[in-house]
Amino acid sequence: MFSTLGLSPETLHSVHRAGYQKPTPIQSAAIPTILDGHDLIGIAQTGTGKTAAFVLPLIERLTKMPRNGKAPRALILAPTRELAAQIDEAFITLARQHHLTRIAIFGGVSEQPQIAALRRGVDVIIATPGRLIDLMARHADLRSIKYAVLDEADRMLDMGFLPQIRRIVDALPKDRQTLLFSATLSKEIESITKQFLRSPKLVEIGHRTPTSTVEHALYPVAKAKKLDLLLQLLRDSKLESVLVFSRTKHGADKIARKLMSAGITTATLHSNRSQNQRTAALAAFKQSRVRVLVATDIAARGIDVADISHVINFDFPPQPDDYVHRIGRTGRASATGDAISFVTPDDEDSVRALERLMKRKIERRTVPGFDYRESTIVSVRTGFSRSPRPSEAGPHTRTMPRPGTPASRRPSPKPTDSRKSARWSR
Ligand code: ADP
Ligand code: MG
């Protein structure tokens with residue numbers, strides 16, 4: 001019960017209005033610990049409510065302490081713009097009974113409104129490390145920060161943010177409460193907790209295995225047939241709201257073009273797209289205006305979309321942890337969801353690693369009636385791809401490298417597999 005965690009009636013009211021009936025395990029464990037003033041390491045898999053686990057006690061602590069002029073008192077670092085925006089929304093929802101001001105600071109949009117908000121004064125800064133560093137010198141005064149949160153710490157490290165995080169944390173007062181949340185507790189995470197936290201309490205929930213409400217299946221397929229198989233699967237209308245993971249941005253664009261040319265409403269989410277495009281893509285998917293969202297791991301990290309019916313790993317994730325993160329998007333809050341993974345012979349090692357983590361075999365499925373044979377209409381001329389079939393020809397289709405494209409940016413045929421890369425290069 002939320003009412004036993006030490007939250008005030010105002011905060012409980014917001015929790016109730018948010019529709020939360022009972023706290024998740026990480027919330028039950030973390031909220032009283034944070035209210036007691038301890039540093040905390042919170043480990044729980046994606047989708048388990050880590051945001052509210054720190055937002056609720058922060059609201060409580062911030063409203064109980066006097067303001068110190070205009071200076072911000074809490075700083076939350078998150079790896080991506082989407083996550084910063086999501087934490088910001090959680091504050092809006094959960095702090096509606098309180099007068100707390102916030103600003104989300106991230107790149108890809110104009111600095112000016114962010115600078116203006118900092119100048120007016122805010123209680124809480126929610127930031128990605130890069131943009132905060134840009135604003136730190138002149139605009140963001142961190143000397144009054146009493147609460148620091150490193151959210152999705154594992155992904156921030158994966159993204160190479162450690163030097164920036166260190167610079168930011170070095171600018172904070174020593175006398176502060178620091179909270180770190182992560183889906184995994186790796187050696188690197190342990191090492192940074194030693195540097196940035198003081199006698200932290202560790203709250204670790206469950207195992208890093210994917211949610212049990214999700215049905216997992218592997219679809220063995222040749223690399224060259226993946227797009228066709230995806231189209232085939234999408235003929236099934238049960239796949240209502242589908243998140244497709246691609247290993248690369250380029251691959252994500254290619255998948256999206258193929259789906260759109262087949263008349264399937266699709267949006268893409270990756271870091272080559274502008275902030276406006278990313279926001280629009282996510283909104284379109286959340287509001288079910290598009291059926292498919294094609295994303296890369298980094299862009300989709302932690303995004304929270306209700307009602308994803310299926311996650312499709314178009315490219316199998318090399319690390320089991322990434323699988324867990326991806327699949328955390330579906331089957332949330334015990335709605336059942338399906339996780340479909342395309343696997344090629346190259347993925348076998350990764351599949352075995354995942355099966356070891358899940359401690360069971362994952363079912364292999366074939367799609368009845370699907371032609372798994374690789375087509376034989378291939379013309380191989382090194383450096384050129386075959387002409388596209390009419391169904392693939394779209395405004396973006398190219399059969400030759402664009403004049404002036406630096407050679408290093410062209411896909412280079414792999415020596416062992418020149419036939420396939422020649423077919424799939426654009
Ligand atoms: P995590 O950070 O662990 O990946 P989030 O904080 O993004 O997870 O929460 C996932 C979803 O669960 C969000 O939509 C959030 O609103 C919802 N949620 C959080 N806490 C509760 C709760 N106690 N009851 C119901 N839903 C919750
Ligand atoms: Mg989170």
# chains A, B, ... in the order shown; residues from 1 in each chain; ligands from 1
$ residues_near_ligand --ligand "ligand 1" --cutoff "7 Å" --atoms "only C-alpha atoms and all ligand atoms" --output "list in words"
Gly19, Tyr20, Gln21, Lys22, Pro23, Thr24, Ala44, Gln45, Thr46, Gly47, Thr48, Gly49, Lys50, Thr51, Ala52, Gly302, Ile303, Asp304, Ala306 and Ala333 of chain A
$ write_last_selection --atoms "C-alpha atoms" --output "PDB file, in the first residue's frame"
ATOM      1  CA  GLY A  19      -4.133   5.410 -11.238  1.00  0.00           C
ATOM      2  CA  TYR A  20      -1.478   3.576  -9.265  1.00  0.00           C
ATOM      3  CA  GLN A  21      -3.173   1.121  -6.928  1.00  0.00           C
ATOM      4  CA  LYS A  22      -0.228  -0.393  -5.160  1.00  0.00           C
ATOM      5  CA  PRO A  23       3.495   0.250  -5.214  1.00  0.00           C
ATOM      6  CA  THR A  24       5.767  -1.916  -7.313  1.00  0.00           C
ATOM      7  CA  ALA A  44      15.165  -3.441 -11.182  1.00  0.00           C
ATOM      8  CA  GLN A  45      14.362  -4.345 -14.723  1.00  0.00           C
ATOM      9  CA  THR A  46      12.775  -2.017 -17.213  1.00  0.00           C
ATOM     10  CA  GLY A  47       9.104  -1.257 -16.707  1.00  0.00           C
ATOM     11  CA  THR A  48       9.063  -1.800 -12.961  1.00  0.00           C
ATOM     12  CA  GLY A  49       8.287   1.793 -11.994  1.00  0.00           C
ATOM     13  CA  LYS A  50      11.726   3.116 -11.109  1.00  0.00           C
ATOM     14  CA  THR A  51      10.775   6.662 -12.087  1.00  0.00           C
ATOM     15  CA  ALA A  52       8.090   7.043  -9.432  1.00  0.00           C
ATOM     16  CA  GLY A 302      13.254   3.117 -21.430  1.00  0.00           C
ATOM     17  CA  ILE A 303      10.522   4.685 -23.494  1.00  0.00           C
ATOM     18  CA  ASP A 304       7.211   3.901 -21.993  1.00  0.00           C
ATOM     19  CA  ALA A 306       1.264   1.513 -23.011  1.00  0.00           C
ATOM     20  CA  ALA A 333       1.748  -4.460 -15.856  1.00  0.00           C
TER      21      ALA A 333
END
$ residues_near_ligand --ligand "ligand 2" --cutoff "12 Å" --atoms "only C-alpha atoms and all ligand atoms" --output "ChimeraX atom specification"
/A:26,42-55,76-80,82-88,90,149-156,180-184,300-304,325,328-329
$ residues_around --residues "Phe245 in chain A" --least-positions-apart "3" --cutoff "6 Å" --atoms "only C-alpha atoms" --output "ChimeraX atom specification"
/A:294-296,313-314
$ residues_around --residues "range 276-292 of chain A" --least-positions-apart "6" --cutoff "7 Å" --atoms "only C-alpha atoms" --output "PyMOL selection string"
chain A and resi 240-243+265-269+305
$ select_by_dssp --residues "range 38-285 of chain A" --states "strand (DSSP E)" --output "number ranges by chain"
A: 40-43, 74-77, 102-105, 124-127, 147-150, 177-182, 201-204, 214-220, 242-245, 266-269
$ write_last_selection --atoms "C-alpha atoms" --output "JSON list (two decimals), in the first residue's frame"
[["chain", "number", "residue", "atom", "x", "y", "z"],
["A", 40, "LEU", "CA", 20.46, 4.38, -2.74],
["A", 41, "ILE", "CA", 21.31, 1.99, -5.54],
["A", 42, "GLY", "CA", 18.07, 0.77, -7.11],
["A", 43, "ILE", "CA", 18.29, -2.20, -9.44],
["A", 74, "ALA", "CA", 17.45, 18.44, -7.39],
["A", 75, "LEU", "CA", 19.23, 17.18, -10.47],
["A", 76, "ILE", "CA", 18.19, 14.11, -12.41],
["A", 77, "LEU", "CA", 20.43, 12.80, -15.16],
["A", 102, "ARG", "CA", 11.09, 21.86, -13.25],
["A", 103, "ILE", "CA", 12.98, 22.14, -16.45],
["A", 104, "ALA", "CA", 13.99, 19.36, -18.82],
["A", 105, "ILE", "CA", 17.32, 20.14, -20.42],
["A", 124, "VAL", "CA", 14.33, 20.39, -10.36],
["A", 125, "ILE", "CA", 16.59, 19.99, -13.37],
["A", 126, "ILE", "CA", 16.06, 16.89, -15.49],
["A", 127, "ALA", "CA", 18.88, 16.67, -17.98],
["A", 147, "TYR", "CA", 19.45, 15.54, -4.45],
["A", 148, "ALA", "CA", 21.13, 13.93, -7.43],
["A", 149, "VAL", "CA", 19.66, 11.04, -9.39],
["A", 150, "LEU", "CA", 21.49, 9.01, -12.01],
["A", 177, "GLN", "CA", 21.76, 12.64, -1.29],
["A", 178, "THR", "CA", 22.57, 10.59, -4.37],
["A", 179, "LEU", "CA", 20.37, 7.93, -5.97],
["A", 180, "LEU", "CA", 21.36, 5.63, -8.78],
["A", 181, "PHE", "CA", 18.93, 3.50, -10.79],
["A", 182, "SER", "CA", 19.83, 0.85, -13.26],
["A", 201, "LYS", "CA", 21.63, 1.11, 0.54],
["A", 202, "LEU", "CA", 21.26, -1.44, -2.20],
["A", 203, "VAL", "CA", 17.76, -2.38, -3.33],
["A", 204, "GLU", "CA", 17.81, -5.09, -5.93],
["A", 214, "VAL", "CA", 5.66, -12.25, -22.38],
["A", 215, "GLU", "CA", 5.62, -15.10, -24.83],
["A", 216, "HIS", "CA", 8.99, -15.45, -26.50],
["A", 217, "ALA", "CA", 9.62, -17.00, -29.89],
["A", 218, "LEU", "CA", 12.52, -17.26, -32.28],
["A", 219, "TYR", "CA", 11.99, -17.15, -36.02],
["A", 220, "PRO", "CA", 15.01, -18.58, -37.81],
["A", 242, "VAL", "CA", 4.50, -3.21, -32.90],
["A", 243, "LEU", "CA", 7.90, -2.02, -31.83],
["A", 244, "VAL", "CA", 10.59, -3.23, -34.25],
["A", 245, "PHE", "CA", 14.23, -3.11, -33.19],
["A", 266, "THR", "CA", 5.27, 3.37, -39.65],
["A", 267, "ALA", "CA", 7.42, 5.82, -37.72],
["A", 268, "THR", "CA", 11.12, 5.65, -36.90],
["A", 269, "LEU", "CA", 13.02, 6.59, -33.77]]
$ select_by_dssp --residues "range 197-266 of chain A" --states "helix (DSSP H, G or I)" --output "PDB file with N, CA, C and O atoms, in the first residue's frame"
ATOM      1  N   LYS A 223      19.222 -13.845 -43.534  1.00  0.00           N
ATOM      2  CA  LYS A 223      19.304 -12.394 -43.429  1.00  0.00           C
ATOM      3  C   LYS A 223      18.521 -11.711 -44.555  1.00  0.00           C
ATOM      4  O   LYS A 223      17.777 -10.765 -44.330  1.00  0.00           O
ATOM      5  N   ALA A 224      18.686 -12.248 -45.753  1.00  0.00           N
ATOM      6  CA  ALA A 224      18.087 -11.622 -46.930  1.00  0.00           C
ATOM      7  C   ALA A 224      16.565 -11.747 -46.965  1.00  0.00           C
ATOM      8  O   ALA A 224      15.907 -11.104 -47.767  1.00  0.00           O
ATOM      9  N   LYS A 225      16.002 -12.562 -46.088  1.00  0.00           N
ATOM     10  CA  LYS A 225      14.551 -12.746 -46.107  1.00  0.00           C
ATOM     11  C   LYS A 225      13.844 -12.049 -44.943  1.00  0.00           C
ATOM     12  O   LYS A 225      12.629 -12.165 -44.772  1.00  0.00           O
ATOM     13  N   LYS A 226      14.611 -11.346 -44.138  1.00  0.00           N
ATOM     14  CA  LYS A 226      13.998 -10.755 -42.941  1.00  0.00           C
ATOM     15  C   LYS A 226      12.877  -9.761 -43.270  1.00  0.00           C
ATOM     16  O   LYS A 226      11.825  -9.766 -42.635  1.00  0.00           O
ATOM     17  N   LEU A 227      13.120  -8.895 -44.252  1.00  0.00           N
ATOM     18  CA  LEU A 227      12.099  -7.890 -44.558  1.00  0.00           C
ATOM     19  C   LEU A 227      10.808  -8.559 -45.030  1.00  0.00           C
ATOM     20  O   LEU A 227       9.708  -8.161 -44.627  1.00  0.00           O
ATOM     21  N   ASP A 228      10.965  -9.588 -45.858  1.00  0.00           N
ATOM     22  CA  ASP A 228       9.773 -10.292 -46.336  1.00  0.00           C
ATOM     23  C   ASP A 228       9.046 -10.973 -45.176  1.00  0.00           C
ATOM     24  O   ASP A 228       7.824 -10.976 -45.118  1.00  0.00           O
ATOM     25  N   LEU A 229       9.821 -11.542 -44.272  1.00  0.00           N
ATOM     26  CA  LEU A 229       9.196 -12.223 -43.138  1.00  0.00           C
ATOM     27  C   LEU A 229       8.452 -11.220 -42.254  1.00  0.00           C
ATOM     28  O   LEU A 229       7.348 -11.485 -41.770  1.00  0.00           O
ATOM     29  N   LEU A 230       9.049 -10.045 -42.088  1.00  0.00           N
ATOM     30  CA  LEU A 230       8.386  -9.014 -41.289  1.00  0.00           C
ATOM     31  C   LEU A 230       7.040  -8.643 -41.921  1.00  0.00           C
ATOM     32  O   LEU A 230       6.012  -8.557 -41.231  1.00  0.00           O
ATOM     33  N   LEU A 231       7.053  -8.433 -43.220  1.00  0.00           N
ATOM     34  CA  LEU A 231       5.800  -8.103 -43.909  1.00  0.00           C
ATOM     35  C   LEU A 231       4.773  -9.213 -43.734  1.00  0.00           C
ATOM     36  O   LEU A 231       3.594  -8.958 -43.495  1.00  0.00           O
ATOM     37  N   GLN A 232       5.251 -10.441 -43.864  1.00  0.00           N
ATOM     38  CA  GLN A 232       4.355 -11.589 -43.713  1.00  0.00           C
ATOM     39  C   GLN A 232       3.709 -11.587 -42.319  1.00  0.00           C
ATOM     40  O   GLN A 232       2.498 -11.718 -42.169  1.00  0.00           O
ATOM     41  N   LEU A 233       4.528 -11.375 -41.288  1.00  0.00           N
ATOM     42  CA  LEU A 233       3.997 -11.379 -39.925  1.00  0.00           C
ATOM     43  C   LEU A 233       2.982 -10.259 -39.731  1.00  0.00           C
ATOM     44  O   LEU A 233       1.981 -10.409 -39.049  1.00  0.00           O
ATOM     45  N   LEU A 234       3.265  -9.104 -40.342  1.00  0.00           N
ATOM     46  CA  LEU A 234       2.389  -7.952 -40.152  1.00  0.00           C
ATOM     47  C   LEU A 234       1.059  -8.108 -40.883  1.00  0.00           C
ATOM     48  O   LEU A 234       0.147  -7.302 -40.718  1.00  0.00           O
ATOM     49  N   LYS A 249      20.784   2.577 -37.446  1.00  0.00           N
ATOM     50  CA  LYS A 249      19.869   3.626 -37.909  1.00  0.00           C
ATOM     51  C   LYS A 249      19.519   3.407 -39.373  1.00  0.00           C
ATOM     52  O   LYS A 249      18.372   3.536 -39.787  1.00  0.00           O
ATOM     53  N   HIS A 250      20.563   3.097 -40.152  1.00  0.00           N
ATOM     54  CA  HIS A 250      20.396   2.847 -41.572  1.00  0.00           C
ATOM     55  C   HIS A 250      19.399   1.706 -41.777  1.00  0.00           C
ATOM     56  O   HIS A 250      18.486   1.799 -42.599  1.00  0.00           O
ATOM     57  N   GLY A 251      19.574   0.641 -41.001  1.00  0.00           N
ATOM     58  CA  GLY A 251      18.677  -0.504 -41.095  1.00  0.00           C
ATOM     59  C   GLY A 251      17.255  -0.104 -40.726  1.00  0.00           C
ATOM     60  O   GLY A 251      16.291  -0.536 -41.366  1.00  0.00           O
ATOM     61  N   ALA A 252      17.116   0.747 -39.708  1.00  0.00           N
ATOM     62  CA  ALA A 252      15.785   1.183 -39.273  1.00  0.00           C
ATOM     63  C   ALA A 252      15.083   1.928 -40.408  1.00  0.00           C
ATOM     64  O   ALA A 252      13.904   1.704 -40.688  1.00  0.00           O
ATOM     65  N   ASP A 253      15.827   2.796 -41.077  1.00  0.00           N
ATOM     66  CA  ASP A 253      15.238   3.545 -42.197  1.00  0.00           C
ATOM     67  C   ASP A 253      14.804   2.603 -43.314  1.00  0.00           C
ATOM     68  O   ASP A 253      13.755   2.787 -43.929  1.00  0.00           O
ATOM     69  N   LYS A 254      15.638   1.604 -43.554  1.00  0.00           N
ATOM     70  CA  LYS A 254      15.340   0.672 -44.644  1.00  0.00           C
ATOM     71  C   LYS A 254      14.058  -0.124 -44.336  1.00  0.00           C
ATOM     72  O   LYS A 254      13.188  -0.278 -45.193  1.00  0.00           O
ATOM     73  N   ILE A 255      13.954  -0.567 -43.096  1.00  0.00           N
ATOM     74  CA  ILE A 255      12.754  -1.316 -42.692  1.00  0.00           C
ATOM     75  C   ILE A 255      11.520  -0.429 -42.841  1.00  0.00           C
ATOM     76  O   ILE A 255      10.501  -0.828 -43.394  1.00  0.00           O
ATOM     77  N   ALA A 256      11.641   0.817 -42.358  1.00  0.00           N
ATOM     78  CA  ALA A 256      10.494   1.728 -42.404  1.00  0.00           C
ATOM     79  C   ALA A 256      10.056   1.986 -43.845  1.00  0.00           C
ATOM     80  O   ALA A 256       8.862   2.002 -44.143  1.00  0.00           O
ATOM     81  N   ARG A 257      11.016   2.175 -44.732  1.00  0.00           N
ATOM     82  CA  ARG A 257      10.656   2.413 -46.140  1.00  0.00           C
ATOM     83  C   ARG A 257       9.899   1.231 -46.712  1.00  0.00           C
ATOM     84  O   ARG A 257       8.901   1.383 -47.406  1.00  0.00           O
ATOM     85  N   LYS A 258      10.394   0.050 -46.384  1.00  0.00           N
ATOM     86  CA  LYS A 258       9.755  -1.161 -46.909  1.00  0.00           C
ATOM     87  C   LYS A 258       8.315  -1.273 -46.389  1.00  0.00           C
ATOM     88  O   LYS A 258       7.385  -1.553 -47.140  1.00  0.00           O
ATOM     89  N   LEU A 259       8.133  -1.020 -45.101  1.00  0.00           N
ATOM     90  CA  LEU A 259       6.787  -1.143 -44.522  1.00  0.00           C
ATOM     91  C   LEU A 259       5.853  -0.098 -45.109  1.00  0.00           C
ATOM     92  O   LEU A 259       4.707  -0.382 -45.453  1.00  0.00           O
ATOM     93  N   MET A 260       6.372   1.126 -45.244  1.00  0.00           N
ATOM     94  CA  MET A 260       5.508   2.186 -45.759  1.00  0.00           C
ATOM     95  C   MET A 260       5.127   1.909 -47.203  1.00  0.00           C
ATOM     96  O   MET A 260       3.997   2.145 -47.607  1.00  0.00           O
ATOM     97  N   SER A 261       6.064   1.365 -47.976  1.00  0.00           N
ATOM     98  CA  SER A 261       5.721   1.078 -49.366  1.00  0.00           C
ATOM     99  C   SER A 261       4.702  -0.060 -49.438  1.00  0.00           C
ATOM    100  O   SER A 261       4.020  -0.225 -50.436  1.00  0.00           O
TER     101      SER A 261
END
$ residues_around --residues "range 129-143 of chain A" --least-positions-apart "6" --cutoff "6 Å" --atoms "only C-alpha atoms" --output "count of residues only"
4
$ residues_around --residues "Pro66 in chain A" --least-positions-apart "4" --cutoff "12 Å" --atoms "only C-alpha atoms" --output "JSON list (two decimals) with N, CA, C and O atoms, in the first residue's frame"
[["chain", "number", "residue", "atom", "x", "y", "z"],
["A", 61, "ARG", "N", 10.52, 15.33, -0.21],
["A", 61, "ARG", "CA", 11.66, 15.99, 0.43],
["A", 61, "ARG", "C", 11.73, 17.46, 0.01],
["A", 61, "ARG", "O", 12.00, 18.33, 0.83],
["A", 62, "LEU", "N", 11.51, 17.71, -1.28],
["A", 62, "LEU", "CA", 11.65, 19.08, -1.77],
["A", 62, "LEU", "C", 10.59, 20.00, -1.17],
["A", 62, "LEU", "O", 10.88, 21.16, -0.85],
["A", 70, "LYS", "N", 16.59, 31.09, -6.02],
["A", 70, "LYS", "CA", 16.14, 30.50, -7.27],
["A", 70, "LYS", "C", 16.91, 29.25, -7.63],
["A", 70, "LYS", "O", 16.70, 28.66, -8.69],
["A", 71, "ALA", "N", 17.86, 28.87, -6.80],
["A", 71, "ALA", "CA", 18.78, 27.81, -7.21],
["A", 71, "ALA", "C", 18.11, 26.44, -7.20],
["A", 71, "ALA", "O", 17.32, 26.14, -6.32],
["A", 72, "PRO", "N", 18.39, 25.61, -8.22],
["A", 72, "PRO", "CA", 17.79, 24.28, -8.27],
["A", 72, "PRO", "C", 18.30, 23.40, -7.13],
["A", 72, "PRO", "O", 19.45, 23.50, -6.72],
["A", 73, "ARG", "N", 17.40, 22.53, -6.64],
["A", 73, "ARG", "CA", 17.76, 21.69, -5.50],
["A", 73, "ARG", "C", 17.87, 20.22, -5.85],
["A", 73, "ARG", "O", 18.38, 19.43, -5.08],
["A", 100, "LEU", "N", 6.07, 22.79, -7.40],
["A", 100, "LEU", "CA", 7.47, 22.58, -7.72],
["A", 100, "LEU", "C", 7.68, 22.95, -9.19],
["A", 100, "LEU", "O", 6.84, 22.65, -10.02],
["A", 123, "ASP", "N", 13.10, 24.25, -9.31],
["A", 123, "ASP", "CA", 13.43, 23.35, -8.21],
["A", 123, "ASP", "C", 14.20, 22.13, -8.71],
["A", 123, "ASP", "O", 15.09, 21.63, -8.04],
["A", 144, "SER", "N", 23.59, 24.42, -5.27],
["A", 144, "SER", "CA", 22.58, 24.18, -4.22],
["A", 144, "SER", "C", 21.90, 22.83, -4.34],
["A", 144, "SER", "O", 20.89, 22.58, -3.67],
["A", 146, "LYS", "N", 20.75, 19.37, -3.67],
["A", 146, "LYS", "CA", 20.74, 18.52, -2.49],
["A", 146, "LYS", "C", 20.45, 17.07, -2.85],
["A", 146, "LYS", "O", 20.72, 16.16, -2.08]]
$ closest_residue --among "A:Pro200, A:Pro25, A:Pro113, A:Gly369" --to "Phe2 in chain A" --atoms "only C-alpha atoms"
A:Pro25
$ residues_around --residues "range 7-16 of chain A" --least-positions-apart "2" --cutoff "8 Å" --atoms "only C-alpha atoms" --output "ChimeraX atom specification"
/A:2-5,18-21,56-57,59-60,93-98
$ write_last_selection --atoms "N, CA, C and O atoms" --output "PDB file, in the first residue's frame"
ATOM      1  N   PHE A   2       0.506   2.209  -0.836  1.00  0.00           N
ATOM      2  CA  PHE A   2       1.276   3.445  -0.863  1.00  0.00           C
ATOM      3  C   PHE A   2       1.201   4.173   0.472  1.00  0.00           C
ATOM      4  O   PHE A   2       2.133   4.851   0.879  1.00  0.00           O
ATOM      5  N   SER A   3       0.051   4.023   1.160  1.00  0.00           N
ATOM      6  CA  SER A   3      -0.160   4.826   2.366  1.00  0.00           C
ATOM      7  C   SER A   3       0.781   4.442   3.504  1.00  0.00           C
ATOM      8  O   SER A   3       0.903   5.186   4.468  1.00  0.00           O
ATOM      9  N   THR A   4       1.465   3.312   3.391  1.00  0.00           N
ATOM     10  CA  THR A   4       2.369   2.912   4.477  1.00  0.00           C
ATOM     11  C   THR A   4       3.812   3.327   4.212  1.00  0.00           C
ATOM     12  O   THR A   4       4.711   2.990   4.968  1.00  0.00           O
ATOM     13  N   LEU A   5       4.048   4.044   3.114  1.00  0.00           N
ATOM     14  CA  LEU A   5       5.445   4.313   2.730  1.00  0.00           C
ATOM     15  C   LEU A   5       5.992   5.623   3.277  1.00  0.00           C
ATOM     16  O   LEU A   5       7.150   5.950   3.072  1.00  0.00           O
ATOM     17  N   ALA A  18      -3.043   9.279 -10.501  1.00  0.00           N
ATOM     18  CA  ALA A  18      -2.255   8.679 -11.590  1.00  0.00           C
ATOM     19  C   ALA A  18      -2.739   7.255 -11.879  1.00  0.00           C
ATOM     20  O   ALA A  18      -2.323   6.645 -12.863  1.00  0.00           O
ATOM     21  N   GLY A  19      -3.585   6.741 -11.006  1.00  0.00           N
ATOM     22  CA  GLY A  19      -4.133   5.410 -11.238  1.00  0.00           C
ATOM     23  C   GLY A  19      -3.288   4.285 -10.670  1.00  0.00           C
ATOM     24  O   GLY A  19      -3.504   3.123 -10.979  1.00  0.00           O
ATOM     25  N   TYR A  20      -2.304   4.624  -9.860  1.00  0.00           N
ATOM     26  CA  TYR A  20      -1.478   3.576  -9.265  1.00  0.00           C
ATOM     27  C   TYR A  20      -2.196   3.017  -8.045  1.00  0.00           C
ATOM     28  O   TYR A  20      -2.490   3.748  -7.109  1.00  0.00           O
ATOM     29  N   GLN A  21      -2.453   1.730  -8.044  1.00  0.00           N
ATOM     30  CA  GLN A  21      -3.173   1.121  -6.928  1.00  0.00           C
ATOM     31  C   GLN A  21      -2.228   0.704  -5.821  1.00  0.00           C
ATOM     32  O   GLN A  21      -2.441   1.024  -4.661  1.00  0.00           O
ATOM     33  N   LEU A  56       8.580  10.307  -6.364  1.00  0.00           N
ATOM     34  CA  LEU A  56       7.689  10.512  -5.212  1.00  0.00           C
ATOM     35  C   LEU A  56       8.439  10.982  -3.957  1.00  0.00           C
ATOM     36  O   LEU A  56       8.072  12.009  -3.377  1.00  0.00           O
ATOM     37  N   PRO A  57       9.496  10.275  -3.538  1.00  0.00           N
ATOM     38  CA  PRO A  57      10.189  10.785  -2.352  1.00  0.00           C
ATOM     39  C   PRO A  57      10.869  12.132  -2.588  1.00  0.00           C
ATOM     40  O   PRO A  57      10.960  12.953  -1.665  1.00  0.00           O
ATOM     41  N   ILE A  59       9.671  14.593  -4.417  1.00  0.00           N
ATOM     42  CA  ILE A  59       8.614  15.596  -4.251  1.00  0.00           C
ATOM     43  C   ILE A  59       8.437  15.886  -2.763  1.00  0.00           C
ATOM     44  O   ILE A  59       8.377  17.034  -2.317  1.00  0.00           O
ATOM     45  N   GLU A  60       8.386  14.786  -2.011  1.00  0.00           N
ATOM     46  CA  GLU A  60       8.177  14.893  -0.575  1.00  0.00           C
ATOM     47  C   GLU A  60       9.290  15.696   0.106  1.00  0.00           C
ATOM     48  O   GLU A  60       9.047  16.630   0.870  1.00  0.00           O
ATOM     49  N   THR A  93       2.705  14.729 -13.456  1.00  0.00           N
ATOM     50  CA  THR A  93       1.600  13.916 -12.961  1.00  0.00           C
ATOM     51  C   THR A  93       1.614  13.795 -11.443  1.00  0.00           C
ATOM     52  O   THR A  93       0.579  13.911 -10.792  1.00  0.00           O
ATOM     53  N   LEU A  94       2.796  13.533 -10.893  1.00  0.00           N
ATOM     54  CA  LEU A  94       2.857  13.170  -9.471  1.00  0.00           C
ATOM     55  C   LEU A  94       3.020  14.376  -8.553  1.00  0.00           C
ATOM     56  O   LEU A  94       2.810  14.270  -7.352  1.00  0.00           O
ATOM     57  N   ALA A  95       3.397  15.522  -9.118  1.00  0.00           N
ATOM     58  CA  ALA A  95       3.580  16.705  -8.261  1.00  0.00           C
ATOM     59  C   ALA A  95       2.462  17.707  -8.479  1.00  0.00           C
ATOM     60  O   ALA A  95       2.631  18.888  -8.183  1.00  0.00           O
ATOM     61  N   ARG A  96       1.295  17.234  -8.952  1.00  0.00           N
ATOM     62  CA  ARG A  96       0.293  18.245  -9.281  1.00  0.00           C
ATOM     63  C   ARG A  96      -0.317  18.901  -8.053  1.00  0.00           C
ATOM     64  O   ARG A  96      -0.902  19.975  -8.158  1.00  0.00           O
ATOM     65  N   GLN A  97      -0.126  18.324  -6.890  1.00  0.00           N
ATOM     66  CA  GLN A  97      -0.602  18.969  -5.670  1.00  0.00           C
ATOM     67  C   GLN A  97       0.438  19.934  -5.072  1.00  0.00           C
ATOM     68  O   GLN A  97       0.214  20.521  -4.042  1.00  0.00           O
ATOM     69  N   HIS A  98       1.591  20.012  -5.702  1.00  0.00           N
ATOM     70  CA  HIS A  98       2.669  20.794  -5.104  1.00  0.00           C
ATOM     71  C   HIS A  98       3.107  21.893  -6.059  1.00  0.00           C
ATOM     72  O   HIS A  98       2.883  21.810  -7.260  1.00  0.00           O
TER      73      HIS A  98
END
$ atom_distance --atom1 "CA of Pro345 in chain A" --atom2 "CA of Pro318 in chain A"
12.8 Å
$ closest_residue --among "A:Lys174, A:Arg119, A:Arg273, A:Arg326" --to "Asp297 in chain A" --atoms "only C-alpha atoms"
A:Arg326
$ closest_residue --among "A:Ala222, A:Ala117, A:Met1, A:Met159" --to "Asp347 in chain A" --atoms "only C-alpha atoms"
A:Ala222
$ closest_residue --among "A:Leu293, A:Val122, A:Val311, A:Met65" --to "Tyr323 in chain A" --atoms "only C-alpha atoms"
A:Val311
